[in-house]
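Data block for upload.cif (mmCIF, C-alpha atoms):
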data_entry
#
loop_
_atom_site.label_atom_id
_atom_site.label_comp_id
_atom_site.auth_asym_id
_atom_site.auth_seq_id
_atom_site.Cartn_x
_atom_site.Cartn_y
_atom_site.Cartn_z
CA MET A 1 79.97 109.61 150.17
CA PRO A 2 82.28 111.92 148.28
CA SER A 3 82.17 115.57 149.25
CA LEU A 4 80.82 118.25 146.96
CA LYS A 5 84.30 119.47 146.21
CA ASP A 6 85.49 116.00 145.20
CA LEU A 7 82.57 115.62 142.85
CA LYS A 8 83.19 119.00 141.32
CA ASN A 9 86.82 118.13 140.70
CA ARG A 10 85.92 114.84 139.13
CA ILE A 11 83.43 116.46 136.81
CA GLU A 12 86.07 118.96 135.75
CA SER A 13 88.61 116.25 135.08
CA VAL A 14 86.22 114.13 133.03
CA LYS A 15 85.28 117.25 131.09
CA SER A 16 88.87 117.90 130.14
CA THR A 17 89.29 114.26 129.16
CA ARG A 18 86.30 114.61 126.92
CA LYS A 19 87.83 117.69 125.35
CA ILE A 20 91.00 115.76 124.56
CA THR A 21 89.24 112.73 123.12
CA LYS A 22 86.99 114.98 121.07
CA ALA A 23 90.00 116.80 119.67
CA MET A 24 91.76 113.50 118.91
CA GLN A 25 88.69 112.26 117.14
CA MET A 26 88.58 115.31 114.93
CA VAL A 27 92.27 115.12 114.16
CA ALA A 28 91.87 111.44 113.29
CA ALA A 29 88.94 112.26 111.03
CA ALA A 30 91.01 114.80 109.11
CA LYS A 31 93.97 112.45 108.88
CA LEU A 32 91.71 109.60 107.82
CA ARG A 33 90.57 111.57 104.81
CA ARG A 34 94.13 112.20 103.77
CA ALA A 35 95.13 108.60 104.37
CA GLN A 36 92.17 107.37 102.36
CA ASP A 37 93.01 109.73 99.53
CA SER A 38 96.55 108.49 99.29
CA ALA A 39 95.42 104.88 99.51
CA GLU A 40 93.02 105.60 96.68
CA ALA A 41 95.69 107.35 94.61
CA ALA A 42 98.00 104.37 94.94
CA ARG A 43 95.41 101.86 93.86
CA PRO A 44 95.66 102.20 90.05
CA TYR A 45 99.39 101.52 90.15
CA ALA A 46 99.08 98.48 92.38
CA GLU A 47 96.20 97.04 90.39
CA ARG A 48 97.85 97.48 87.02
CA PHE A 49 101.13 96.23 88.38
CA ASN A 50 99.66 93.07 89.81
CA GLU A 51 97.72 92.45 86.63
CA VAL A 52 100.83 92.57 84.47
CA LEU A 53 102.87 90.65 86.97
CA GLY A 54 100.16 88.02 87.23
CA GLN A 55 100.14 87.57 83.47
CA LEU A 56 103.89 87.27 83.32
CA ALA A 57 104.01 84.94 86.26
CA ALA A 58 101.37 82.69 84.75
CA SER A 59 103.34 82.39 81.52
CA VAL A 60 106.61 81.35 83.15
CA ALA A 61 105.07 79.42 86.03
CA GLY A 62 106.32 75.93 86.40
CA SER A 63 109.41 76.40 84.31
CA ASP A 64 112.78 76.12 86.00
CA SER A 65 113.90 79.45 84.68
CA ALA A 66 111.36 81.23 86.86
CA PRO A 67 113.06 83.62 89.28
CA ARG A 68 113.51 82.53 92.84
CA LEU A 69 111.18 85.23 94.10
CA LEU A 70 108.37 83.52 92.25
CA ARG A 71 109.40 79.92 92.61
CA GLY A 72 110.52 80.07 96.20
CA THR A 73 113.57 78.35 97.58
CA GLY A 74 111.99 74.96 97.39
CA SER A 75 111.52 74.63 101.12
CA ASP A 76 109.47 76.45 103.72
CA ASP A 77 111.44 75.93 106.90
CA VAL A 78 112.25 79.50 107.74
CA HIS A 79 109.45 82.01 107.85
CA LEU A 80 109.82 85.74 108.00
CA LEU A 81 106.92 87.67 109.47
CA VAL A 82 106.78 91.37 108.78
CA VAL A 83 104.41 92.83 111.33
CA MET A 84 103.23 96.30 110.47
CA THR A 85 101.47 98.31 113.12
CA ALA A 86 101.10 101.93 114.18
CA GLU A 87 103.59 104.06 116.03
CA ARG A 88 100.96 105.22 118.47
CA GLY A 89 98.29 103.72 120.61
CA LEU A 90 94.86 105.02 121.57
CA CYS A 91 93.30 103.54 118.49
CA GLY A 92 91.07 100.82 119.84
CA GLY A 93 91.95 97.28 118.98
CA PHE A 94 93.94 98.20 115.88
CA ASN A 95 97.44 97.31 117.06
CA ALA A 96 96.27 94.46 119.26
CA ASN A 97 94.37 92.79 116.41
CA ILE A 98 97.34 92.79 114.07
CA ALA A 99 99.63 91.55 116.81
CA LYS A 100 97.16 88.85 117.74
CA LEU A 101 97.00 87.54 114.20
CA ALA A 102 100.77 87.59 113.90
CA LYS A 103 101.19 85.82 117.24
CA GLN A 104 98.69 83.19 116.21
CA HIS A 105 100.59 82.67 112.98
CA ALA A 106 103.93 82.49 114.73
CA THR A 107 102.65 79.99 117.30
CA ASP A 108 101.24 77.78 114.56
CA LEU A 109 104.50 77.82 112.65
CA LEU A 110 106.56 77.10 115.73
CA ALA A 111 104.26 74.21 116.59
CA LYS A 112 104.97 72.78 113.15
CA GLY A 113 108.67 72.93 113.88
CA LYS A 114 109.47 75.81 111.55
CA THR A 115 111.86 78.62 112.31
CA VAL A 116 110.29 82.03 112.65
CA LYS A 117 111.95 85.40 112.24
CA ILE A 118 110.17 88.63 112.86
CA ILE A 119 110.62 92.14 111.53
CA THR A 120 108.43 94.75 113.14
CA VAL A 121 107.40 98.01 111.57
CA GLY A 122 105.90 100.44 114.04
CA LYS A 123 106.53 100.66 117.74
CA LYS A 124 103.27 99.31 119.05
CA GLY A 125 103.57 95.98 117.33
CA ARG A 126 107.07 95.52 118.66
CA ASP A 127 105.95 96.26 122.20
CA SER A 128 103.15 93.75 122.20
CA MET A 129 105.07 91.02 120.38
CA ARG A 130 108.21 91.36 122.45
CA ARG A 131 106.89 89.56 125.49
CA ASP A 132 106.32 86.24 123.74
CA PHE A 133 108.54 86.40 120.69
CA GLY A 134 111.27 88.86 121.62
CA LYS A 135 113.98 86.31 120.85
CA LEU A 136 112.78 85.94 117.27
CA PHE A 137 113.10 89.64 116.43
CA ILE A 138 115.71 90.37 113.85
CA GLU A 139 114.96 93.96 113.08
CA HIS A 140 112.72 96.88 113.85
CA VAL A 141 111.86 99.55 111.33
CA ASP A 142 111.18 102.84 113.01
CA MET A 143 108.46 104.87 111.38
CA SER A 144 108.01 107.47 114.10
CA GLU A 145 109.80 110.11 112.03
CA VAL A 146 107.63 109.45 109.02
CA LYS A 147 104.79 111.93 108.82
CA ARG A 148 103.32 110.70 105.62
CA VAL A 149 104.07 107.27 104.21
CA GLY A 150 105.86 107.55 100.91
CA TYR A 151 106.88 104.97 98.37
CA ALA A 152 110.47 105.44 99.47
CA ASP A 153 109.61 104.06 102.92
CA ALA A 154 108.10 100.96 101.38
CA GLN A 155 111.14 100.62 99.13
CA GLY A 156 113.41 100.74 102.16
CA ILE A 157 111.55 97.91 103.85
CA ALA A 158 111.38 95.94 100.62
CA LYS A 159 115.12 96.30 100.07
CA ASN A 160 115.77 95.07 103.56
CA VAL A 161 113.53 92.05 103.09
CA LEU A 162 114.92 91.27 99.63
CA SER A 163 118.54 91.42 100.67
CA ARG A 164 117.77 89.00 103.49
CA PHE A 165 116.09 86.73 100.98
CA ASP A 166 119.10 86.87 98.69
CA GLU A 167 121.32 85.87 101.58
CA GLY A 168 119.07 82.89 102.15
CA GLU A 169 117.92 83.98 105.58
CA PHE A 170 114.36 82.83 105.04
CA ASP A 171 112.15 80.91 102.61
CA VAL A 172 108.73 82.45 103.00
CA ALA A 173 107.82 86.03 103.88
CA THR A 174 104.43 87.14 105.08
CA ILE A 175 103.28 90.65 105.87
CA PHE A 176 100.73 91.47 108.53
CA TYR A 177 98.66 94.59 108.29
CA SER A 178 95.13 95.77 108.68
CA GLU A 179 92.83 96.18 105.76
CA PHE A 180 90.62 99.23 105.78
CA VAL A 181 87.02 98.16 105.28
CA ASN A 182 85.35 101.25 106.68
CA VAL A 183 85.64 103.54 109.66
CA VAL A 184 84.31 101.00 112.13
CA ALA A 185 85.74 97.84 110.59
CA GLN A 186 89.37 97.03 109.96
CA THR A 187 90.35 93.46 109.26
CA PRO A 188 93.81 92.25 110.17
CA MET A 189 95.35 90.46 107.19
CA ALA A 190 98.22 88.12 106.51
CA GLN A 191 99.62 88.21 103.01
CA GLN A 192 102.41 86.13 101.61
CA ILE A 193 104.78 88.25 99.53
CA ILE A 194 107.69 85.85 98.93
CA PRO A 195 107.32 83.61 96.98
CA ALA A 196 104.87 85.82 95.15
CA LYS A 197 101.32 84.64 94.91
CA PHE A 198 98.78 85.77 92.38
CA ASP A 199 95.13 85.17 91.80
CA THR A 200 95.78 83.25 88.65
CA ALA A 201 92.19 82.20 88.21
CA GLU A 202 91.25 85.80 87.52
CA ASP A 203 93.96 86.68 85.04
CA GLU A 204 93.63 83.69 82.83
CA GLY A 205 90.71 85.16 80.94
CA ASP A 206 92.59 88.31 79.99
CA SER A 207 96.01 86.92 79.36
CA ALA A 208 94.70 84.63 76.67
CA ALA A 209 93.36 87.64 74.79
CA THR A 210 96.57 89.62 74.31
CA VAL A 211 99.93 88.19 73.45
CA TYR A 212 102.60 90.69 74.29
CA GLU A 213 105.93 91.31 72.74
CA TYR A 214 108.52 91.56 75.43
CA GLU A 215 111.44 93.91 75.48
CA PRO A 216 113.86 92.66 76.85
CA SER A 217 112.89 89.02 77.35
CA GLU A 218 109.99 87.82 79.43
CA GLU A 219 112.28 86.48 82.13
CA ALA A 220 114.32 89.67 82.31
CA ILE A 221 111.22 91.77 82.76
CA LEU A 222 109.91 89.43 85.38
CA ALA A 223 113.19 89.49 87.25
CA ASP A 224 113.07 93.27 87.16
CA LEU A 225 109.46 93.52 88.23
CA LEU A 226 109.25 91.00 91.05
CA PRO A 227 111.36 93.00 93.51
CA ARG A 228 109.30 96.05 92.65
CA GLY A 229 106.19 93.98 93.24
CA VAL A 230 107.34 93.35 96.79
CA ALA A 231 107.78 97.08 97.33
CA THR A 232 104.39 97.78 95.80
CA GLN A 233 102.68 95.27 98.05
CA ILE A 234 104.38 96.65 101.12
CA PHE A 235 103.48 100.16 100.09
CA ALA A 236 99.84 99.21 99.61
CA ALA A 237 99.85 97.52 103.01
CA LEU A 238 101.38 100.56 104.67
CA LEU A 239 98.74 102.81 103.17
CA GLU A 240 95.92 100.48 104.19
CA ASN A 241 97.41 100.42 107.64
CA GLY A 242 97.54 104.21 107.76
CA ALA A 243 93.89 104.53 106.86
CA SER A 244 92.91 101.72 109.24
CA GLU A 245 94.81 103.30 112.10
CA GLN A 246 93.05 106.62 111.71
CA GLY A 247 89.70 104.93 111.25
CA ALA A 248 90.19 102.85 114.37
CA ARG A 249 91.35 105.87 116.33
CA MET A 250 88.40 107.89 115.17
CA SER A 251 85.83 105.36 116.29
CA ALA A 252 87.70 104.63 119.54
CA MET A 253 87.83 108.32 120.36
CA ASP A 254 84.18 108.75 119.39
CA ASN A 255 83.31 106.06 121.92
CA ALA A 256 85.53 107.62 124.54
CA THR A 257 83.92 111.00 124.01
CA ARG A 258 80.48 109.51 124.36
CA ASN A 259 81.43 107.59 127.50
CA ALA A 260 82.89 110.72 129.02
CA GLY A 261 79.63 112.53 128.29
CA GLU A 262 77.63 109.83 130.07
CA MET A 263 80.02 109.95 132.98
CA ILE A 264 79.61 113.72 133.25
CA ASP A 265 75.81 113.38 133.23
CA LYS A 266 75.95 110.80 135.99
CA LEU A 267 78.35 112.79 138.10
CA THR A 268 76.32 115.96 137.63
CA ILE A 269 73.20 114.24 138.92
CA GLU A 270 75.13 112.94 141.89
CA PHE A 271 76.54 116.40 142.49
CA ASN A 272 73.11 118.02 142.39
CA ARG A 273 71.68 115.41 144.73
CA SER A 274 74.39 115.88 147.30
CA ARG A 275 74.06 119.64 147.08
CA GLN A 276 70.33 119.33 147.63
CA ALA A 277 70.99 117.01 150.57
CA VAL A 278 73.31 119.60 152.10
CA ILE A 279 70.72 122.36 151.69
CA THR A 280 67.96 120.18 153.16
CA ASN A 281 70.21 119.37 156.09
CA GLU A 282 70.90 123.02 156.75
CA LEU A 283 67.21 123.87 156.56
CA ILE A 284 66.37 121.12 159.05
CA GLU A 285 68.98 122.46 161.40
CA ILE A 286 67.66 126.02 161.18
CA ILE A 287 64.03 124.93 161.61
CA SER A 288 64.77 122.62 164.54
CA GLY A 289 66.90 125.38 166.07
CA ALA A 290 64.02 127.86 165.72
CA GLU A 291 61.56 125.37 167.21
CA ALA A 292 63.76 124.80 170.21
CA LEU A 293 63.60 128.48 171.14
CA MET B 1 91.34 114.93 63.64
CA ALA B 2 94.16 112.55 64.25
CA GLU B 3 93.63 109.23 65.89
CA THR B 4 94.20 109.16 69.62
CA MET B 5 94.65 106.48 72.23
CA GLN B 6 94.19 106.30 75.97
CA PHE B 7 97.32 107.06 77.95
CA ASN B 8 97.90 106.61 81.67
CA LEU B 9 100.99 107.59 83.59
CA VAL B 10 100.92 106.35 87.15
CA SER B 11 103.49 106.33 89.89
CA PRO B 12 103.07 104.34 93.11
CA GLU B 13 101.86 107.41 94.93
CA ARG B 14 99.50 108.92 92.44
CA SER B 15 98.23 109.07 88.93
CA LEU B 16 100.02 111.80 86.99
CA MET B 17 98.25 111.83 83.71
CA SER B 18 95.33 110.15 82.08
CA GLY B 19 93.73 111.07 78.81
CA PRO B 20 93.73 110.72 75.05
CA VAL B 21 97.08 111.26 73.34
CA LEU B 22 98.48 111.17 69.82
CA SER B 23 101.78 109.50 70.58
CA VAL B 24 104.13 108.67 73.43
CA GLU B 25 107.90 108.52 73.29
CA ILE B 26 109.06 105.95 75.80
CA PRO B 27 112.62 105.54 77.05
CA GLY B 28 112.66 101.75 76.86
CA ALA B 29 115.40 99.66 78.41
CA GLU B 30 116.49 98.47 74.99
CA GLY B 31 116.13 101.83 73.31
CA ASP B 32 113.59 104.57 72.86
CA LEU B 33 110.36 103.78 71.14
CA THR B 34 107.42 105.83 70.07
CA ALA B 35 103.99 104.41 70.56
CA LEU B 36 101.28 105.45 68.13
CA PRO B 37 97.68 104.27 68.27
CA ASN B 38 97.28 100.58 67.43
CA HIS B 39 100.80 99.68 68.39
CA ALA B 40 101.38 95.95 68.72
CA PRO B 41 100.93 94.78 72.31
CA THR B 42 104.33 95.21 73.95
CA LEU B 43 105.69 95.17 77.42
CA THR B 44 108.97 96.91 78.09
CA THR B 45 110.93 98.05 81.09
CA LEU B 46 112.06 101.64 81.32
CA ARG B 47 115.43 103.22 81.77
CA PRO B 48 115.80 106.66 83.34
CA GLY B 49 114.88 109.18 80.70
CA ILE B 50 112.31 111.52 79.34
CA LEU B 51 108.83 110.45 78.51
CA ARG B 52 107.34 112.70 75.85
CA VAL B 53 103.62 112.70 75.46
CA GLU B 54 102.08 114.31 72.40
CA THR B 55 98.51 115.41 72.95
CA GLU B 56 96.22 117.49 70.78
CA LYS B 57 96.87 120.45 73.03
CA GLY B 58 100.63 120.14 72.84
CA ALA B 59 103.46 118.07 74.23
CA GLU B 60 104.09 117.19 77.85
CA GLU B 61 107.35 115.87 79.17
CA TYR B 62 107.95 113.79 82.24
CA ILE B 63 111.12 112.56 83.85
CA VAL B 64 110.85 108.87 84.71
CA THR B 65 113.45 106.84 86.54
CA GLY B 66 112.34 103.29 85.96
CA GLY B 67 109.37 101.00 85.87
CA PHE B 68 107.66 99.59 82.85
CA ALA B 69 105.30 100.44 80.04
CA GLU B 70 102.48 98.40 78.69
CA LEU B 71 101.34 99.03 75.15
CA GLY B 72 98.06 97.47 74.30
CA GLU B 73 94.84 99.16 73.38
CA GLY B 74 96.22 102.20 75.10
CA VAL B 75 99.50 102.95 76.74
CA THR B 76 100.05 102.55 80.44
CA VAL B 77 103.31 103.64 81.97
CA LEU B 78 103.99 102.52 85.51
CA ALA B 79 106.92 104.58 86.63
CA GLU B 80 108.77 104.06 89.86
CA LYS B 81 109.30 107.78 90.10
CA ALA B 82 107.79 110.27 87.71
CA MET B 83 107.94 114.04 87.72
CA HIS B 84 106.77 116.68 85.35
CA ARG B 85 109.67 118.26 83.59
CA THR B 86 108.96 121.66 85.04
CA ASP B 87 109.07 120.20 88.55
CA VAL B 88 112.63 119.01 88.18
CA ASP B 89 115.16 121.60 89.23
CA GLN B 90 118.88 121.34 89.68
CA ALA B 91 118.62 120.08 93.26
CA THR B 92 116.15 117.31 92.45
CA TYR B 93 118.23 116.25 89.52
CA GLU B 94 121.39 116.14 91.56
CA ALA B 95 119.65 114.10 94.23
CA LEU B 96 118.66 111.58 91.56
CA VAL B 97 122.19 111.37 90.23
CA ASP B 98 123.54 110.98 93.74
CA GLU B 99 121.14 108.15 94.37
CA ALA B 100 122.27 106.37 91.22
CA HIS B 101 125.85 107.02 92.18
CA GLN B 102 125.35 105.41 95.56
CA ALA B 103 123.65 102.43 93.95
CA TYR B 104 126.69 102.09 91.72
CA GLY B 105 129.06 102.25 94.66
CA LYS B 106 127.08 99.60 96.45
CA ALA B 107 126.91 97.33 93.41
CA LYS B 108 130.66 97.63 93.02
CA GLU B 109 131.14 96.52 96.59
CA VAL B 110 128.63 93.70 96.66
CA PHE B 111 129.35 92.15 93.28
CA LYS B 112 133.12 92.27 93.12
CA ASN B 113 133.49 89.42 90.70
CA GLU B 114 130.29 89.75 88.77
CA PRO B 115 130.35 92.48 86.15
CA GLY B 116 126.60 92.17 85.38
CA PRO B 117 125.02 94.19 88.20
CA VAL B 118 127.87 96.70 88.20
CA ASP B 119 127.44 97.37 84.50
CA ASP B 120 123.73 97.81 85.04
CA ALA B 121 124.41 100.35 87.76
CA VAL B 122 126.86 102.21 85.53
CA LYS B 123 124.30 102.32 82.75
CA LEU B 124 121.68 103.59 85.16
CA LEU B 125 124.04 106.29 86.32
CA HIS B 126 124.87 107.39 82.80
CA ASP B 127 121.20 107.49 81.85
CA MET B 128 120.52 109.57 84.91
CA VAL B 129 123.33 111.99 84.05
CA ALA B 130 122.15 112.25 80.46
CA ILE B 131 118.74 113.48 81.56
CA GLY B 132 120.34 116.63 82.90
CA GLY B 133 121.77 117.59 79.52
CA LYS B 134 118.45 116.94 77.81
CA ILE B 135 116.41 119.18 80.03
CA GLY B 136 118.91 121.99 80.07
CA LEU B 137 120.33 121.65 83.53
CA SER B 138 124.04 121.71 84.12
CA THR B 139 125.05 118.09 84.13
CA LYS B 140 126.63 116.63 87.17
CA GLN B 141 129.52 114.44 86.16
CA PRO B 142 129.91 111.34 88.26
CA SER B 143 133.27 110.09 89.36
CA LEU B 144 133.59 106.48 88.36
#
Have the structure of the file written as structure tokens, please.
Amino acid sequence: MPSLKDLKNRIESVKSTRKITKAMQMVAAAKLRRAQDSAEAARPYAERFNEVLGQLAASVAGSDSAPRLLRGTGSDDVHLLVVMTAERGLCGGFNANIAKLAKQHATDLLAKGKTVKIITVGKKGRDSMRRDFGKLFIEHVDMSEVKRVGYADAQGIAKNVLSRFDEGEFDVATIFYSEFVNVVAQTPMAQQIIPAKFDTAEDEGDSAATVYEYEPSEEAILADLLPRGVATQIFAALLENGASEQGARMSAMDNATRNAGEMIDKLTIEFNRSRQAVITNELIEIISGAEAL
Amino acid sequence: MAETMQFNLVSPERSLMSGPVLSVEIPGAEGDLTALPNHAPTLTTLRPGILRVETEKGAEEYIVTGGFAELGEGVTVLAEKAMHRTDVDQATYEALVDEAHQAYGKAKEVFKNEPGPVDDAVKLLHDMVAIGGKIGLSTKQPSL
């Protein structure tokens, strides 16, 4: 049985753990609000952008003049996986879930005999993917200096991906991130960005209604917009990821705080019991000593 | 009261302006155009320039660096980078010109035998430089 002093020390240490997790939870809650706000602020742009792009894409789809970003290279032998995770841990299953989905994807592709290349964004994803797929890594984008995700960050990643596409390094690019559903639920997602995919079924209704004049030509606009579309999608994914990370951290830390509380209660009861046992023991000794006289 | 139309100016990071306006002057890639209510549906890309929005309360000016504008029932401008004119000071402006200058340098290196992308970069740079003169900042002349 642990001594009273041991118990006391353990209670103290769990208490300070609880303080830390509580503080982290509150920080995450504050950051979550900011992350959600910026995700919200970015939504109108992304929605409008995809709408217009979808319309344009639908009108040139199938023709040979369609840009390569839309049409694809005609094969799908080399896949690029862009795995976006957080720079920090202690956020529940957030990083692990994204990595798991990406690993699953990579294993499937490899089983089909395709070549897989991986770009990681965020340290945690790189760490957990390295064990199995370290040889497939071609680049790591460090986001640890980035305090608040800006469009410029997304543009940087997009430029990197696009220049690799132009060089013919891959045929299909997919991004992995976590979609923010709510504080307790984040769904890891895989989204193909090159060749671009659109929900054509949805746009068809609208695009029939308005016939646009294009300045310059339809193709020129499309060629201009598609690379931007990649950046926009990456930006949206980064923002979703940011909100998801904070949400996941908040609920993980909430759990940790609660568990620490339970632990403290249990330890306190144990402490009180042992103290009582010590007192009872002493009393018995005194009484039996008095009786012996 | 004059006829108004809905106008939205959004950048990837936030929405800058949304409301009824009288007219919008757009720096289109093929030339400036002014959109009045009931303009024919048009889609145009933007060049770096000044977007002038005429509202009933007065005019607002924004610096945009690229993106596109959609003219339909209202006007929606999706700008890659958009700043209110008053937010652009000499340093910001010079940073923008520098960025365009670097893009030009890179285009010159990458496309040695293709004039297309290099010309585009030069045009972008000149547009960028021209903004400075229009908003009353001392223009930064690029070395070409």
**Prompt:** Written as a count of residues only, which residues does the PyMOL selection byres ((chain A) within 7 of (chain B)) give for the file shown?
**Reply:** 12
**Prompt:** Near segment 76-85 of chain A, within 7 Å and counting all atoms listed in the file, which residues show up once chain neighbours fewer than 5 positions away are dropped, as an NGL selection string?
**Reply:** :A and (95 or 98 or 102 or 114-122 or 124-125 or 170-177)
**Asked** How would you write, as a VMD selection string, the residues chosen by the PyMOL selection byres ((chain B and resi 102) around 12) on this structure?
**Response** chain B and resid 95 to 101 103 to 109 118 121 to 122 124 to 125 142 to 144
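The closest residue to Leu32 of chain A, picked from A:Asn50, A:Ser288, A:Asn272, A:Asn182 and counting all atoms listed in the file, is A:Asn182.
Listed by chain and then by number, the residues chosen by the PyMOL selection byres ((chain B and resi 53-66) around 6) in this file are Val21, Leu22, Ser23, Val24, Leu46, Arg47, Pro48, Gly49, Ile50, Leu51, Arg52, Gly67, Ala79, Glu80, Lys81, Ala82, Met83, His84 and Arg85 of chain B.
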**Prompt:** Which protein, DNA or RNA residues are at most 7 Å from (90.7, 101.6, 115.5) in the file's coordinates when you count only C-alpha atoms, listed as an NGL selection string?
**Reply:** :A and (91-94 or 244-252)
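Counting only C-alpha atoms, the residue from A:Asn259, A:Thr232, A:Gln276, A:Glu285 that sits nearest to Glu47 of chain A is A:Thr232.
From atom CA of Leu225 of chain A back to atom CA of His39 of chain B, the distance works out to 22.5 Å.
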**Request:** Fewer than 2 positions away in the same chain doesn't count, so skip those; otherwise give me all residues within 8 Å of segment 11-19 of chain A, counting all atoms listed in the file, as a list of chain:residue names.
**Result:** A:Leu7, A:Lys8, A:Asn9, A:Thr21, A:Lys22, A:Ala23, A:Ala256, A:Thr257, A:Ala260, A:Gly261, A:Met263, A:Ile264, A:Leu267, A:Thr268
**Request:** Find the residue from A:Glu218, A:Glu282, A:Glu179, A:Asp166 that sits nearest to Ile194 of chain A; use only C-alpha atoms when measuring.
**Result:** A:Asp166
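With all atoms listed in the file as the atoms that count, the residue of A:Gly229, A:Pro188, A:Gly113, A:Pro195 with the shortest distance to Ala158 of chain A is A:Gly229.
Here atom CA of Ser178 of chain A stands at a distance of 6.6 Å from atom CA of Glu240 of chain A.
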Taking the block just given, write segment 221-236 of chain A to a file that holds N, CA and C atoms, as a compact mmCIF listing (two decimals), in the first residue's frame.
# COMPACT_ATOMS: atom_id res chain seq x y z
N ILE A 221 -10.31 31.96 -69.86
CA ILE A 221 -10.74 32.16 -68.48
C ILE A 221 -10.56 30.88 -67.68
N LEU A 222 -10.95 29.80 -68.29
CA LEU A 222 -10.86 28.52 -67.60
C LEU A 222 -9.41 28.20 -67.26
N ALA A 223 -8.53 28.45 -68.22
CA ALA A 223 -7.11 28.17 -67.99
C ALA A 223 -6.57 29.05 -66.87
N ASP A 224 -7.14 30.25 -66.75
CA ASP A 224 -6.70 31.16 -65.71
C ASP A 224 -7.25 30.72 -64.34
N LEU A 225 -8.49 30.24 -64.38
CA LEU A 225 -9.16 29.96 -63.11
C LEU A 225 -8.80 28.61 -62.50
N LEU A 226 -8.52 27.62 -63.33
CA LEU A 226 -8.28 26.29 -62.76
C LEU A 226 -7.14 26.26 -61.74
N PRO A 227 -5.98 26.87 -62.05
CA PRO A 227 -4.93 26.86 -61.03
C PRO A 227 -5.37 27.57 -59.75
N ARG A 228 -6.15 28.64 -59.91
CA ARG A 228 -6.66 29.32 -58.73
C ARG A 228 -7.61 28.42 -57.97
N GLY A 229 -8.37 27.62 -58.73
CA GLY A 229 -9.30 26.69 -58.09
C GLY A 229 -8.57 25.72 -57.18
N VAL A 230 -7.40 25.28 -57.63
CA VAL A 230 -6.60 24.36 -56.80
C VAL A 230 -6.23 25.05 -55.50
N ALA A 231 -5.78 26.31 -55.62
CA ALA A 231 -5.40 27.06 -54.42
C ALA A 231 -6.59 27.25 -53.50
N THR A 232 -7.75 27.55 -54.10
CA THR A 232 -8.94 27.77 -53.30
C THR A 232 -9.32 26.51 -52.54
N GLN A 233 -9.24 25.38 -53.23
CA GLN A 233 -9.61 24.13 -52.57
C GLN A 233 -8.65 23.80 -51.43
N ILE A 234 -7.37 24.04 -51.68
CA ILE A 234 -6.39 23.78 -50.63
C ILE A 234 -6.61 24.72 -49.45
N PHE A 235 -6.91 25.97 -49.77
CA PHE A 235 -7.16 26.94 -48.72
C PHE A 235 -8.36 26.52 -47.87
N ALA A 236 -9.43 26.13 -48.54
CA ALA A 236 -10.62 25.69 -47.82
C ALA A 236 -10.29 24.50 -46.93
